[in-house]
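First comes the structure, then the notes that go with it.
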Amino acid sequence: MRAAALVLVEPGAHRPGGHREHALTALAAAHGNAVVIAPYGIAGQARAALAGAGAHVAAPTGAVAAVLAAAGTYTAALAVAGRRTFASRRWPDAVRRLPHQVMLLSRCLTEAACVRTGHHLTGGTDTVVVLSASEALHGATGLLGGPHLRFVHELVTTEDAPLRILGRLTRRGERRVVALAPTGAIHGDLARRFPRLPLKVRPFAVADRGDRLTDTAFAGPRTPAPAAPTGAAR
């Protein structure tokens with residue numbers, strides 16, 4: 001019997017080299033029945049490796065996913081324009097931070113489009129993993145996209161007031177998400193900022209020796225984490 005599909009979402013798959021490309025292609029090859037969702041396309045070398053691994057590669061697909069992806073593209077363009085406009089230090093810090101806050105919203109919308117696509121293509125029963133996830137709006141992504149695991153590699157910013165409000169409004173979506181942190185330090189930062197978010201520590205590393213990942217290695221990250229205490233508040 002063919003293994004259940006593993007949906008791998010990698011927003012940075014269009015960038016050649018680095019841990020993104022290596023992990024994406026190694027996981028797809030090890031699993032043998034992977035669906036790769038790449039909103040901005042796949043770098044040439046990775047595309048060839050994924051084809052060799054028998055992975056199905058797709059962009060956001062479906063009416064709702066297309067709307068979310070378009071919104072993500074539009075807000076990303078706004079963020080880039082804002083970054084140029086507010087680059088001068090004469091602007092207050094809150095204003096200079098605004099473009100990055102908009103970019104976090106863009107990443108949320110794009111990730112949600114990809115997660116929805118993964119569920120749509122696999123019938124909604126298979127595991128969806130965002131390999132390079134945003135550090136913010138976890139609940140919003142879960143609410144708009146559906147259940148998934150998300151690797152948060154680093155926390156380089158905090159949510160300012162508008163995103164914190166949006167995060168509170170979409171907090172119930174955190175029940176559809178398990179966040180995976182590569183180190184205990186990042187796990188601690190996530191737990192402080194998102195006390196209701198289910199969290200686990202899972203080192204993000206794939207062997208270079210061509211070894212296939214074991215069933216145990218796959219099962220570990222896919223085991224849902226227990227929910228945080230209901231009395232906690234962000």
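In the structure tokens, chains take letters A, B, ... by order of appearance, with residues numbered from 1 within each chain and ligands from 1 in the order shown.
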Considering only C-alpha atoms, return as a list of chain:residue names whatever protein or nucleic-acid residues lie within 9 Å of A:Phe151, sequence-local ones (same chain, fewer than 2 positions apart) excluded.
A:Val129, A:Val130, A:Leu131, A:Ser132, A:Ala133, A:Ser134, A:Leu149, A:His153, A:Val178, A:Ala179, A:Leu180, A:Ala181, A:Pro182, A:Arg202, A:Phe204
| stretch 32-206 of chain A: which residues are helix (DSSP H, G or I) by DSSP, as a ChimeraX atom specification? | /A:44-52,63-85,93-122,138-145,161-169,171-176,184-193
**Residue neighbourhood A:Arg107, 9 Å, only C-alpha atoms, exclusion window fewer than 5 positions, as JSON, numbers by chain** = {"A": [11, 72, 73, 75, 76, 102, 112, 133, 134, 136]}
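With distances taken over only C-alpha atoms, A:Ala71 is the one residue among A:Ala71, A:Ala23, A:Ala13, A:Leu190 lying closest to A:Ser106.
Across the model, the gap from atom CA of A:Gly173 to atom CA of A:Thr122 is 20.9 Å.
For the choices A:Gly54, A:Arg176, A:Thr61, A:His14, the atom-to-atom distance to A:Gly32 is smallest for A:Gly54 when using only C-alpha atoms.
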* Those in stretch 5-222 of chain A with strand (DSSP E) from DSSP, as a PyMOL selection string -> chain A and resi 6-9+34-37+56-58+127-130+148-151+177-181+199-201
task: Please provide as JSON, numbers by chain all residues within 8 Å of A:Ala140, with the sequence filter that same-chain residues fewer than 6 positions apart are discarded (counting only C-alpha atoms).
output: {"A": [108, 166, 167, 170, 171, 173, 174]}
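Counting only C-alpha atoms, the residue from A:Ala185, A:Leu143, A:Leu137, A:Val57 that sits nearest to A:Thr158 is A:Leu137.
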Would you list the contacts of stretch 77-83 of chain A as a ChimeraX atom specification, taking every protein, DNA or RNA residue within 12 Å and counting only C-alpha atoms, but skipping same-chain residues closer than 3 positions in sequence?
/A:70-74,86-89,91,95-107
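The list of residues with at least one atom within 7 Å of stretch 44-53 of chain A, based on only C-alpha atoms and without residues fewer than 4 positions apart in the same chain, reads Glu21, Thr25, Ala28, Ala29 and Gly32 of chain A.
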Output N, CA, C and O atoms for every residue in the selection just made, as a PDB file, in the first residue's frame.
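Output saved as result_21.pdb:
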ATOM      1  N   GLU A  21      16.424  24.305   0.386  1.00  0.00           N
ATOM      2  CA  GLU A  21      16.464  23.387  -0.753  1.00  0.00           C
ATOM      3  C   GLU A  21      16.873  21.988  -0.315  1.00  0.00           C
ATOM      4  O   GLU A  21      16.269  20.991  -0.724  1.00  0.00           O
ATOM      5  N   THR A  25      14.233  18.728  -0.609  1.00  0.00           N
ATOM      6  CA  THR A  25      14.482  17.612  -1.521  1.00  0.00           C
ATOM      7  C   THR A  25      14.768  16.318  -0.759  1.00  0.00           C
ATOM      8  O   THR A  25      14.334  15.235  -1.177  1.00  0.00           O
ATOM      9  N   ALA A  28      11.400  14.969   0.624  1.00  0.00           N
ATOM     10  CA  ALA A  28      10.579  14.431  -0.467  1.00  0.00           C
ATOM     11  C   ALA A  28      11.116  13.080  -0.929  1.00  0.00           C
ATOM     12  O   ALA A  28      10.348  12.135  -1.157  1.00  0.00           O
ATOM     13  N   ALA A  29      12.446  12.965  -1.063  1.00  0.00           N
ATOM     14  CA  ALA A  29      13.043  11.706  -1.507  1.00  0.00           C
ATOM     15  C   ALA A  29      12.858  10.611  -0.468  1.00  0.00           C
ATOM     16  O   ALA A  29      12.604   9.457  -0.800  1.00  0.00           O
ATOM     17  N   GLY A  32       8.834   9.544  -0.354  1.00  0.00           N
ATOM     18  CA  GLY A  32       8.428   8.801  -1.540  1.00  0.00           C
ATOM     19  C   GLY A  32       7.063   9.144  -2.087  1.00  0.00           C
ATOM     20  O   GLY A  32       6.698   8.717  -3.187  1.00  0.00           O
TER      21      GLY A  32
END
Item checked: Long-range neighbours of A:Asp189 as a list in words, 10 Å cut-off, only C-alpha atoms, 6 positions minimum in chain -> Glu154, Leu155, Ala181 and Pro195 of chain A
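Atom CA of A:Tyr40 is found 9.2 Å from atom CA of A:Arg15.
For the residues A:His187, A:Ala4, A:Val201, A:Ala38, ranking by smallest atom-to-atom distance to A:Thr117 using only C-alpha atoms places A:Ala38 first.
Nearest to A:Gly184 of all the residues A:Val156, A:Ala59, A:Ala94, A:Leu199 is A:Leu199, based on only C-alpha atoms.
Distances from A:Leu144, A:Gly139, A:Lys200, A:Ala113 to A:Ile165 were compared using only C-alpha atoms, and the smallest one belongs to A:Gly139.
You will find atom CA of A:Arg168 at 27.3 Å from atom CA of A:Leu8.
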